[in-house]
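*Asks:* Provided below: coords-v1.cif, containing mmCIF, C-alpha atoms.
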```cif
data_input
#
loop_
_atom_site.group_PDB
_atom_site.id
_atom_site.type_symbol
_atom_site.label_atom_id
_atom_site.label_comp_id
_atom_site.auth_asym_id
_atom_site.auth_seq_id
_atom_site.Cartn_x
_atom_site.Cartn_y
_atom_site.Cartn_z
ATOM 1 C CA MET A 25 -15.521 -4.287 0.564
ATOM 2 C CA ARG A 26 -14.624 -5.789 3.927
ATOM 3 C CA LEU A 27 -18.127 -5.550 5.391
ATOM 4 C CA GLU A 28 -20.661 -7.787 3.664
ATOM 5 C CA ILE A 29 -23.436 -5.252 4.350
ATOM 6 C CA LEU A 30 -21.594 -2.784 2.082
ATOM 7 C CA ASN A 31 -21.522 -5.326 -0.745
ATOM 8 C CA SER A 32 -25.040 -6.672 -0.512
ATOM 9 C CA GLY A 33 -26.987 -5.085 2.329
ATOM 10 C CA TYR A 34 -28.962 -2.590 0.246
ATOM 11 C CA THR A 35 -32.703 -2.090 -0.034
ATOM 12 C CA PHE A 36 -34.522 -3.442 -3.080
ATOM 13 C CA GLY A 37 -34.890 0.078 -4.530
ATOM 14 C CA THR A 38 -31.170 0.767 -4.172
ATOM 15 C CA LYS A 39 -30.297 -2.582 -5.787
ATOM 16 C CA VAL A 40 -32.499 -1.634 -8.767
ATOM 17 C CA LEU A 41 -30.739 1.729 -8.966
ATOM 18 C CA PHE A 42 -27.307 0.037 -8.886
ATOM 19 C CA ALA A 43 -28.393 -2.326 -11.683
ATOM 20 C CA PHE A 44 -29.525 0.676 -13.730
ATOM 21 C CA ILE A 45 -26.235 2.550 -13.131
ATOM 22 C CA GLN A 46 -24.287 -0.571 -14.089
ATOM 23 C CA LEU A 47 -26.257 -0.956 -17.321
ATOM 24 C CA ALA A 48 -25.943 2.719 -18.253
ATOM 25 C CA SER A 49 -22.204 3.017 -17.438
ATOM 26 C CA ARG A 50 -21.332 -0.583 -18.378
ATOM 27 C CA ARG A 51 -19.193 -0.648 -15.224
ATOM 28 C CA PRO A 52 -19.677 -1.854 -11.659
ATOM 29 C CA VAL A 53 -20.954 0.838 -9.283
ATOM 30 C CA PRO A 54 -17.849 2.344 -7.622
ATOM 31 C CA ASP A 55 -17.503 1.531 -3.925
ATOM 32 C CA ALA A 56 -17.447 5.260 -3.070
ATOM 33 C CA ALA A 57 -20.941 5.560 -4.559
ATOM 34 C CA LYS A 58 -22.150 2.388 -2.847
ATOM 35 C CA LEU A 59 -20.984 3.602 0.557
ATOM 36 C CA VAL A 60 -23.159 6.736 0.503
ATOM 37 C CA PHE A 61 -26.231 4.618 -0.280
ATOM 38 C CA TYR A 62 -25.795 2.298 2.700
ATOM 39 C CA ARG A 63 -28.221 3.447 5.423
ATOM 40 C CA ALA A 64 -27.980 6.829 3.759
ATOM 41 C CA ASP A 65 -29.679 8.687 6.597
ATOM 42 C CA PHE A 66 -26.784 7.789 8.932
ATOM 43 C CA TYR A 67 -23.847 9.000 6.864
ATOM 44 C CA GLY A 68 -24.380 9.203 3.084
ATOM 45 C CA ASP A 69 -27.040 11.899 2.929
ATOM 46 C CA PRO A 70 -25.491 14.388 5.365
ATOM 47 C CA MET A 71 -21.962 13.704 4.051
ATOM 48 C CA LYS A 72 -22.984 14.208 0.405
ATOM 49 C CA LYS A 73 -24.081 17.717 1.383
ATOM 50 C CA VAL A 74 -20.684 18.369 3.002
ATOM 51 C CA THR A 75 -18.743 17.089 -0.004
ATOM 52 C CA HIS A 76 -20.902 18.753 -2.651
ATOM 53 C CA GLU A 77 -20.746 22.095 -0.848
ATOM 54 C CA ALA A 78 -16.945 21.831 -0.485
ATOM 55 C CA MET A 79 -16.310 20.664 -4.057
ATOM 56 C CA ARG A 80 -19.022 22.400 -6.092
ATOM 57 C CA GLY A 81 -20.468 25.098 -3.819
ATOM 58 C CA PRO A 82 -19.573 28.782 -4.220
ATOM 59 C CA SER A 83 -15.798 29.347 -3.906
ATOM 60 C CA ALA A 84 -13.047 31.477 -5.412
ATOM 61 C CA TRP A 85 -11.178 28.194 -6.042
ATOM 62 C CA SER A 86 -12.051 26.556 -9.352
ATOM 63 C CA VAL A 87 -13.498 23.038 -9.500
ATOM 64 C CA GLY A 88 -10.105 21.926 -10.870
ATOM 65 C CA ASP A 89 -8.262 23.501 -7.926
ATOM 66 C CA ARG A 90 -10.572 21.783 -5.439
ATOM 67 C CA GLU A 91 -10.290 18.407 -7.173
ATOM 68 C CA LEU A 92 -6.507 18.867 -7.146
ATOM 69 C CA MET A 93 -6.657 19.508 -3.389
ATOM 70 C CA ALA A 94 -8.736 16.314 -3.018
ATOM 71 C CA ALA A 95 -6.161 14.338 -5.020
ATOM 72 C CA PHE A 96 -3.303 15.894 -3.055
ATOM 73 C CA VAL A 97 -4.828 15.188 0.370
ATOM 74 C CA SER A 98 -5.483 11.611 -0.830
ATOM 75 C CA LYS A 99 -1.851 11.324 -1.947
ATOM 76 C CA THR A 100 -0.706 12.506 1.475
ATOM 77 C CA ASN A 101 -2.904 9.820 3.060
ATOM 78 C CA GLU A 102 -1.731 7.258 0.458
ATOM 79 C CA CYS A 103 -5.344 6.392 -0.327
ATOM 80 C CA GLU A 104 -5.116 4.579 -3.645
ATOM 81 C CA PHE A 105 -8.808 4.713 -4.587
ATOM 82 C CA CYS A 106 -9.171 8.440 -3.917
ATOM 83 C CA ILE A 107 -5.855 9.350 -5.586
ATOM 84 C CA GLY A 108 -7.049 7.655 -8.790
ATOM 85 C CA ALA A 109 -10.547 9.092 -8.641
ATOM 86 C CA HIS A 110 -9.555 12.699 -7.976
ATOM 87 C CA THR A 111 -6.466 12.745 -10.181
ATOM 88 C CA ALA A 112 -8.773 11.836 -13.080
ATOM 89 C CA THR A 113 -11.412 14.366 -11.998
ATOM 90 C CA ALA A 114 -8.895 17.212 -11.531
ATOM 91 C CA ALA A 115 -7.286 16.435 -14.900
ATOM 92 C CA GLY A 116 -10.724 16.522 -16.523
ATOM 93 C CA ALA A 117 -11.714 19.772 -14.823
ATOM 94 C CA TYR A 118 -8.480 21.515 -15.844
ATOM 95 C CA HIS A 119 -8.286 19.808 -19.252
ATOM 96 C CA ASP A 120 -4.652 19.396 -18.228
ATOM 97 C CA GLU A 121 -3.420 16.074 -16.894
ATOM 98 C CA ALA A 122 0.241 17.171 -16.806
ATOM 99 C CA ARG A 123 -0.532 19.910 -14.264
ATOM 100 C CA VAL A 124 -2.080 17.385 -11.884
ATOM 101 C CA THR A 125 0.670 14.808 -12.367
ATOM 102 C CA ALA A 126 3.318 17.469 -11.725
ATOM 103 C CA VAL A 127 1.736 18.533 -8.419
ATOM 104 C CA LEU A 128 1.396 14.958 -7.208
ATOM 105 C CA SER A 129 4.980 14.070 -8.101
ATOM 106 C CA ASP A 130 6.626 17.213 -6.698
ATOM 107 C CA LEU A 131 4.621 20.096 -5.281
ATOM 108 C CA GLU A 132 7.674 22.372 -5.055
ATOM 109 C CA THR A 133 8.585 22.251 -8.751
ATOM 110 C CA ALA A 134 5.084 21.949 -10.272
ATOM 111 C CA PRO A 135 4.146 24.844 -12.587
ATOM 112 C CA ILE A 136 1.243 26.243 -10.534
ATOM 113 C CA GLU A 137 0.341 29.567 -8.931
ATOM 114 C CA GLU A 138 2.116 30.292 -5.607
ATOM 115 C CA PRO A 139 -1.086 30.811 -3.565
ATOM 116 C CA LEU A 140 -2.326 27.362 -4.652
ATOM 117 C CA ARG A 141 1.072 25.794 -3.885
ATOM 118 C CA ALA A 142 1.131 27.379 -0.418
ATOM 119 C CA THR A 143 -2.422 26.188 0.252
ATOM 120 C CA LEU A 144 -1.505 22.627 -0.750
ATOM 121 C CA ARG A 145 1.525 22.772 1.564
ATOM 122 C CA MET A 146 -0.731 23.730 4.464
ATOM 123 C CA LEU A 147 -3.184 20.920 3.616
ATOM 124 C CA ARG A 148 -0.302 18.438 3.481
ATOM 125 C CA LYS A 149 0.906 19.426 6.951
ATOM 126 C CA LEU A 150 -2.604 19.352 8.394
ATOM 127 C CA THR A 151 -3.262 15.932 6.856
ATOM 128 C CA SER A 152 0.007 14.298 7.877
ATOM 129 C CA GLU A 153 0.504 15.937 11.290
ATOM 130 C CA HIS A 154 -3.195 16.456 12.133
ATOM 131 C CA ALA A 155 -2.466 20.049 13.152
ATOM 132 C CA VAL A 156 -1.197 23.378 11.893
ATOM 133 C CA ASP A 157 -0.473 26.525 13.897
ATOM 134 C CA ALA A 158 -1.027 30.258 13.583
ATOM 135 C CA ASN A 159 2.445 30.682 12.058
ATOM 136 C CA ASP A 160 1.537 28.273 9.254
ATOM 137 C CA MET A 161 -1.583 30.318 8.603
ATOM 138 C CA ARG A 162 0.324 33.628 8.716
ATOM 139 C CA THR A 163 2.739 32.251 6.105
ATOM 140 C CA LEU A 164 -0.186 31.212 3.929
ATOM 141 C CA LEU A 165 -2.015 34.540 4.302
ATOM 142 C CA ALA A 166 1.228 36.332 3.367
ATOM 143 C CA THR A 167 1.178 34.649 -0.051
ATOM 144 C CA GLY A 168 -2.075 36.487 -0.750
ATOM 145 C CA VAL A 169 -4.579 33.703 -0.071
ATOM 146 C CA SER A 170 -7.702 35.191 1.542
ATOM 147 C CA ARG A 171 -9.254 33.890 4.758
ATOM 148 C CA LYS A 172 -12.282 32.744 2.765
ATOM 149 C CA ARG A 173 -10.140 30.749 0.356
ATOM 150 C CA ILE A 174 -8.302 29.092 3.236
ATOM 151 C CA GLU A 175 -11.610 28.174 4.858
ATOM 152 C CA ASP A 176 -12.819 26.710 1.554
ATOM 153 C CA ALA A 177 -9.635 24.638 1.228
ATOM 154 C CA LEU A 178 -10.092 23.359 4.798
ATOM 155 C CA ALA A 179 -13.612 22.168 3.908
ATOM 156 C CA VAL A 180 -12.085 20.104 1.067
ATOM 157 C CA GLY A 181 -9.521 18.821 3.561
ATOM 158 C CA PHE A 182 -12.268 17.724 5.959
ATOM 159 C CA ALA A 183 -14.236 15.907 3.249
ATOM 160 C CA PHE A 184 -11.243 13.949 1.981
ATOM 161 C CA ASN A 185 -9.625 13.227 5.297
ATOM 162 C CA THR A 186 -12.931 11.571 6.146
ATOM 163 C CA THR A 187 -13.411 9.768 2.823
ATOM 164 C CA ASN A 188 -9.793 8.533 2.576
ATOM 165 C CA ARG A 189 -10.150 6.831 5.967
ATOM 166 C CA LEU A 190 -13.373 5.124 4.980
ATOM 167 C CA ALA A 191 -11.968 3.988 1.614
ATOM 168 C CA ASP A 192 -9.041 2.264 3.319
ATOM 169 C CA ALA A 193 -10.934 0.941 6.345
ATOM 170 C CA PHE A 194 -13.718 -0.582 4.247
ATOM 171 C CA GLY A 195 -11.315 -1.657 1.477
ATOM 172 C CA PHE A 196 -12.698 0.065 -1.633
ATOM 173 C CA PHE A 197 -12.017 -1.845 -4.845
ATOM 174 C CA VAL A 198 -9.498 0.098 -6.952
ATOM 175 C CA PRO A 199 -10.569 0.091 -10.617
ATOM 176 C CA GLY A 200 -8.312 0.669 -13.618
ATOM 177 C CA PRO A 201 -7.881 3.950 -15.540
ATOM 178 C CA GLU A 202 -11.121 3.456 -17.487
ATOM 179 C CA GLY A 203 -13.102 3.078 -14.283
ATOM 180 C CA PHE A 204 -11.592 6.274 -12.881
ATOM 181 C CA GLU A 205 -12.287 8.118 -16.165
ATOM 182 C CA SER A 206 -15.905 7.059 -16.059
ATOM 183 C CA GLY A 207 -16.213 8.173 -12.417
ATOM 184 C CA ALA A 208 -14.543 11.510 -13.211
ATOM 185 C CA LYS A 209 -17.052 12.241 -15.969
ATOM 186 C CA TYR A 210 -19.883 11.568 -13.559
ATOM 187 C CA LEU A 211 -18.393 13.801 -10.842
ATOM 188 C CA LEU A 212 -17.791 16.623 -13.324
ATOM 189 C CA SER A 213 -21.321 16.544 -14.704
ATOM 190 C CA ARG A 214 -23.288 15.752 -11.529
ATOM 191 C CA GLY A 215 -21.075 16.641 -8.588
ATOM 192 C CA TYR A 216 -21.477 14.819 -5.278
ATOM 193 C CA LYS A 217 -25.252 15.109 -4.769
ATOM 194 C CA MET B 7 -18.449 29.319 4.369
ATOM 195 C CA GLU B 8 -21.408 29.269 6.689
ATOM 196 C CA GLN B 9 -23.129 26.625 4.543
ATOM 197 C CA LYS B 10 -19.966 24.520 4.666
ATOM 198 C CA ARG B 11 -19.764 24.784 8.457
ATOM 199 C CA THR B 12 -23.483 24.037 8.817
ATOM 200 C CA ALA B 13 -23.180 20.921 6.632
ATOM 201 C CA HIS B 14 -20.181 19.771 8.696
ATOM 202 C CA ARG B 15 -22.028 20.277 11.983
ATOM 203 C CA ALA B 16 -25.012 18.329 10.615
ATOM 204 C CA VAL B 17 -22.981 15.226 9.779
ATOM 205 C CA VAL B 18 -21.253 15.295 13.185
ATOM 206 C CA LYS B 19 -24.575 15.696 14.997
ATOM 207 C CA ARG B 20 -26.196 12.893 12.976
ATOM 208 C CA VAL B 21 -23.505 10.279 13.548
ATOM 209 C CA LEU B 22 -23.122 11.087 17.235
ATOM 210 C CA GLU B 23 -26.631 11.924 18.381
ATOM 211 C CA GLY B 24 -29.035 10.287 15.930
ATOM 212 C CA ASP B 25 -30.347 6.730 16.070
ATOM 213 C CA GLY B 26 -27.842 3.959 15.507
ATOM 214 C CA LYS B 27 -27.063 0.298 16.155
ATOM 215 C CA ALA B 28 -24.032 1.186 18.282
ATOM 216 C CA SER B 29 -24.719 3.106 21.494
ATOM 217 C CA ARG B 30 -24.203 6.862 21.556
ATOM 218 C CA ALA B 31 -21.419 6.351 24.115
ATOM 219 C CA GLU B 32 -19.595 3.925 21.793
ATOM 220 C CA ARG B 33 -20.003 6.276 18.835
ATOM 221 C CA ARG B 34 -18.675 9.192 20.876
ATOM 222 C CA ALA B 35 -15.692 7.106 22.038
ATOM 223 C CA ALA B 36 -14.898 6.102 18.421
ATOM 224 C CA PHE B 37 -15.251 9.722 17.290
ATOM 225 C CA ASP B 38 -12.875 10.870 20.051
ATOM 226 C CA ASN B 39 -10.583 7.829 19.585
ATOM 227 C CA THR B 40 -10.555 7.344 23.328
ATOM 228 C CA SER B 41 -11.991 5.153 26.131
ATOM 229 C CA LEU B 42 -12.272 1.981 24.043
ATOM 230 C CA THR B 43 -11.116 -1.527 24.969
ATOM 231 C CA GLU B 44 -9.288 -4.002 22.727
ATOM 232 C CA PRO B 45 -9.657 -5.091 20.028
ATOM 233 C CA LEU B 46 -11.828 -2.085 19.168
ATOM 234 C CA HIS B 47 -9.288 0.415 20.503
ATOM 235 C CA GLY B 48 -6.498 -0.694 18.172
ATOM 236 C CA PHE B 49 -8.846 -0.874 15.208
ATOM 237 C CA ILE B 50 -10.383 2.561 15.747
ATOM 238 C CA SER B 51 -6.917 4.081 16.303
ATOM 239 C CA LYS B 52 -5.888 2.694 12.927
ATOM 240 C CA VAL B 53 -8.948 4.256 11.277
ATOM 241 C CA ALA B 54 -8.016 7.596 12.834
ATOM 242 C CA LYS B 55 -4.246 7.548 12.319
ATOM 243 C CA HIS B 56 -3.136 4.712 10.011
ATOM 244 C CA PRO B 57 -6.069 3.644 7.839
ATOM 245 C CA THR B 58 -3.867 2.118 5.115
ATOM 246 C CA GLN B 59 -2.645 -0.438 7.673
ATOM 247 C CA ILE B 60 -6.107 -1.922 8.267
ATOM 248 C CA THR B 61 -6.415 -5.565 7.238
ATOM 249 C CA ASP B 62 -9.169 -8.154 6.943
ATOM 250 C CA ASP B 63 -7.878 -9.624 10.217
ATOM 251 C CA ASP B 64 -8.589 -6.357 12.064
ATOM 252 C CA ILE B 65 -12.225 -6.484 10.980
ATOM 253 C CA ALA B 66 -12.421 -10.203 11.813
ATOM 254 C CA ALA B 67 -11.079 -9.540 15.330
ATOM 255 C CA VAL B 68 -13.622 -6.795 15.982
ATOM 256 C CA LYS B 69 -16.435 -9.011 14.689
ATOM 257 C CA ALA B 70 -15.256 -11.883 16.889
ATOM 258 C CA SER B 71 -15.511 -9.563 19.912
ATOM 259 C CA GLY B 72 -19.277 -9.472 19.329
ATOM 260 C CA LEU B 73 -19.909 -6.357 17.251
ATOM 261 C CA SER B 74 -22.287 -6.572 14.299
ATOM 262 C CA GLU B 75 -21.326 -5.294 10.857
ATOM 263 C CA ASP B 76 -23.736 -2.378 11.273
ATOM 264 C CA GLN B 77 -22.106 -1.411 14.553
ATOM 265 C CA ILE B 78 -18.655 -1.626 12.946
ATOM 266 C CA PHE B 79 -19.889 0.493 10.028
ATOM 267 C CA GLU B 80 -21.107 3.206 12.388
ATOM 268 C CA LEU B 81 -17.988 3.188 14.569
ATOM 269 C CA VAL B 82 -15.651 3.411 11.556
ATOM 270 C CA VAL B 83 -17.677 6.346 10.205
ATOM 271 C CA CYS B 84 -17.510 8.055 13.611
ATOM 272 C CA ALA B 85 -13.743 7.502 13.870
ATOM 273 C CA ALA B 86 -13.128 8.934 10.383
ATOM 274 C CA VAL B 87 -15.413 11.935 10.870
ATOM 275 C CA GLY B 88 -13.929 12.491 14.328
ATOM 276 C CA GLN B 89 -10.294 12.586 13.233
ATOM 277 C CA ALA B 90 -11.072 14.816 10.228
ATOM 278 C CA THR B 91 -13.129 17.091 12.500
ATOM 279 C CA ARG B 92 -10.233 17.524 14.936
ATOM 280 C CA GLN B 93 -7.980 18.515 12.035
ATOM 281 C CA TYR B 94 -10.600 20.911 10.654
ATOM 282 C CA GLN B 95 -11.275 22.613 13.970
ATOM 283 C CA ASN B 96 -7.571 22.860 14.774
ATOM 284 C CA ALA B 97 -6.884 24.565 11.430
ATOM 285 C CA LEU B 98 -9.852 26.954 11.695
ATOM 286 C CA ALA B 99 -8.658 27.963 15.179
ATOM 287 C CA ALA B 100 -5.093 28.520 13.890
ATOM 288 C CA LEU B 101 -6.510 30.652 11.074
ATOM 289 C CA ALA B 102 -8.656 32.699 13.465
ATOM 290 C CA MET B 103 -5.604 33.276 15.656
ATOM 291 C CA ALA B 104 -3.483 34.400 12.703
ATOM 292 C CA ILE B 105 -6.234 36.779 11.548
ATOM 293 C CA SER B 106 -6.786 38.270 15.014
ATOM 294 C CA ASP B 107 -3.023 38.907 15.354
ATOM 295 C CA GLU B 108 -3.078 40.743 12.037
ATOM 296 C CA GLY B 109 -5.859 43.002 13.241
ATOM 297 C CA SER B 110 -4.147 43.881 16.543
#
```
Have the structure of the file written as structure tokens, please.
*Replies:*
Amino acid sequence: MRLEILNSGYTFGTKVLFAFIQLASRRPVPDAAKLVFYRADFYGDPMKKVTHEAMRGPSAWSVGDRELMAAFVSKTNECEFCIGAHTATAAGAYHDEARVTAVLSDLETAPIEEPLRATLRMLRKLTSEHAVDANDMRTLLATGVSRKRIEDALAVGFAFNTTNRLADAFGFFVPGPEGFESGAKYLLSRGYK
Amino acid sequence: MEQKRTAHRAVVKRVLEGDGKASRAERRAAFDNTSLTEPLHGFISKVAKHPTQITDDDIAAVKASGLSEDQIFELVVCAAVGQATRQYQNALAALAMAISDEGS
């Protein structure tokens, strides 16, 4: 990572934990995990609550749907680390990699439910233009997506519009497919706590 | 939803109002992406709007201006949380407007 403190500025206890994770997973600790341990009271601890609540808290959207939203927001932001991480996690949650690949390559032709497609369209506009208007929301509500579901999707949008920026600003190392697979398994069993 | 909003408010409050190595005024300016001087202004604007364009040279320039790595860490976090918060609040307001129109 571009800041030396994010590579080596951890407390002794955290360094021991990283060594343990590395031994158990036989992989380097992903930079996304490292970031939330750096001065965790400043950002990592409160942000983990935000992300866990958005991604694993109560919602009518499935875990797969929310991971797909995370991957799709990351694609819109062209954030390579987060695209890889959440494509693998969404594919694992759905047990269907083709569904995720189809959405990321062309949202309009992907074989998914219309309310999910319309929600992803709204997230794409919000992410790329930084704003949506009441007409966009009326269009989305008209597809049958409830207010609660829209609010839940916006919480995913917040979490990943934050994380994507940090990944690219700090220069997260982008692992290969095996690294993303390993991370996806962790996120599916433990969430973001 | 309320838990999600509460968790969001907590992270915003922590990065802006809690203790930090950068001043609260600097953190607020990075969060708002406003009132900063170069080279910090250009760097923070990239975090907010074009994060994929950030290079090692951008970080080097900000360091050379006298900021510590911990201050840069905090200001980048504030800029990212700030931009994502503006999006979030804009969309929640648009949703509330669409819902209130439906009810009228």
*Asks:* Would you list the contacts of B:Ser74 as a ChimeraX atom specification, taking every protein, DNA or RNA residue within 12 Å and counting all atoms listed in the file, but skipping same-chain residues closer than 3 positions in sequence?
*Replies:* /A:27-29 /B:26-28,65-71,77-81
*Asks:* If you count all atoms listed in the file, which residues fall within 7 Å of A:Gly215, apart from same-chain ones fewer than 2 positions away, as a PyMOL selection string?
*Replies:* chain A and resi 76+80+211-213+217
*Asks:* Name the residues captured by the PyMOL selection byres ((chain A) within 9 of (chain B)) when it is applied to the shown file; answer as an MDAnalysis selection string.
*Replies:* chainID A and resid 26:30 65:67 69:71 73:75 77:78 81:83 101:103 150:151 153:162 165 171:172 174:176 178:179 181:195
*Asks:* What is the distance, in Å and to one decimal place, between atom CA of A:Ala57 and atom CA of A:Lys72?
*Replies:* 10.2 Å
*Asks:* Can you list, as an NGL selection string, every protein, DNA or RNA residue that comes within 12 Å of A:Gly200 when you count all atoms listed in the file, leaving out same-chain residues fewer than 5 positions away?
*Replies:* :A and (51-52 or 54 or 104-105 or 108-109 or 112 or 205-207)
*Asks:* On this structure, which residues satisfy the PyMOL selection byres ((chain A and resi 142) around 12), written as a PyMOL selection string?
*Replies:* chain A and resi 93+127+131-132+134+136-141+143-149+160-170+173-174+177
*Asks:* What does the structure give for the distance between atom CA of A:Met79 and atom CA of A:Arg214, in Å to one decimal?
*Replies:*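 Straight-line distance from atom CA of A:Met79 to atom CA of A:Arg214 works out to 11.3 Å.
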*Asks:* Report as a count of residues only the residues that result from applying the PyMOL selection byres ((chain A and resi 34-40) around 12) to the structure here.
*Replies:* 22
*Asks:* Just give me the gap between atom CA of A:Gly116 and atom CA of A:Phe204 in Å, one decimal is fine.
*Replies:* 10.9 Å
*Asks:* When you get a chance, write out N, CA and C atoms for stretch 45-61 of chain A, as an mmCIF file, in the frame of the given file.
*Replies:*
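Now in rebuild-v3.cif:
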```cif
data_model
loop_
_atom_site.group_PDB
_atom_site.id
_atom_site.type_symbol
_atom_site.label_atom_id
_atom_site.label_comp_id
_atom_site.auth_asym_id
_atom_site.auth_seq_id
_atom_site.Cartn_x
_atom_site.Cartn_y
_atom_site.Cartn_z
ATOM 1 N N ILE A 45 -27.517 1.831 -12.965
ATOM 2 C CA ILE A 45 -26.235 2.550 -13.131
ATOM 3 C C ILE A 45 -25.235 1.647 -13.872
ATOM 4 N N GLN A 46 -25.234 0.369 -13.475
ATOM 5 C CA GLN A 46 -24.287 -0.571 -14.089
ATOM 6 C C GLN A 46 -24.575 -0.763 -15.581
ATOM 7 N N LEU A 47 -25.870 -0.818 -15.906
ATOM 8 C CA LEU A 47 -26.257 -0.956 -17.321
ATOM 9 C C LEU A 47 -25.876 0.283 -18.107
ATOM 10 N N ALA A 48 -26.179 1.457 -17.535
ATOM 11 C CA ALA A 48 -25.943 2.719 -18.253
ATOM 12 C C ALA A 48 -24.452 2.986 -18.425
ATOM 13 N N SER A 49 -23.640 2.685 -17.373
ATOM 14 C CA SER A 49 -22.204 3.017 -17.438
ATOM 15 C C SER A 49 -21.380 1.837 -17.963
ATOM 16 N N ARG A 50 -22.015 0.663 -18.005
ATOM 17 C CA ARG A 50 -21.332 -0.583 -18.378
ATOM 18 C C ARG A 50 -20.128 -0.854 -17.471
ATOM 19 N N ARG A 51 -20.244 -0.396 -16.221
ATOM 20 C CA ARG A 51 -19.193 -0.648 -15.224
ATOM 21 C C ARG A 51 -19.846 -0.938 -13.881
ATOM 22 N N PRO A 52 -19.140 -1.653 -13.008
ATOM 23 C CA PRO A 52 -19.677 -1.854 -11.659
ATOM 24 C C PRO A 52 -19.835 -0.506 -10.949
ATOM 25 N N VAL A 53 -20.790 -0.398 -10.057
ATOM 26 C CA VAL A 53 -20.954 0.838 -9.283
ATOM 27 C C VAL A 53 -19.723 1.003 -8.390
ATOM 28 N N PRO A 54 -19.048 2.161 -8.460
ATOM 29 C CA PRO A 54 -17.849 2.344 -7.622
ATOM 30 C C PRO A 54 -18.193 2.230 -6.133
ATOM 31 N N ASP A 55 -17.249 1.704 -5.357
ATOM 32 C CA ASP A 55 -17.503 1.531 -3.925
ATOM 33 C C ASP A 55 -17.784 2.859 -3.215
ATOM 34 N N ALA A 56 -17.185 3.955 -3.698
ATOM 35 C CA ALA A 56 -17.447 5.260 -3.070
ATOM 36 C C ALA A 56 -18.920 5.623 -3.213
ATOM 37 N N ALA A 57 -19.521 5.278 -4.348
ATOM 38 C CA ALA A 57 -20.941 5.560 -4.559
ATOM 39 C C ALA A 57 -21.791 4.628 -3.713
ATOM 40 N N LYS A 58 -21.387 3.345 -3.656
ATOM 41 C CA LYS A 58 -22.150 2.388 -2.847
ATOM 42 C C LYS A 58 -22.211 2.826 -1.380
ATOM 43 N N LEU A 59 -21.052 3.255 -0.864
ATOM 44 C CA LEU A 59 -20.984 3.602 0.557
ATOM 45 C C LEU A 59 -22.036 4.642 0.942
ATOM 46 N N VAL A 60 -22.226 5.671 0.097
ATOM 47 C CA VAL A 60 -23.159 6.736 0.503
ATOM 48 C C VAL A 60 -24.623 6.301 0.385
ATOM 49 N N PHE A 61 -24.861 5.132 -0.220
ATOM 50 C CA PHE A 61 -26.231 4.618 -0.280
ATOM 51 C C PHE A 61 -26.543 3.678 0.884
#
```
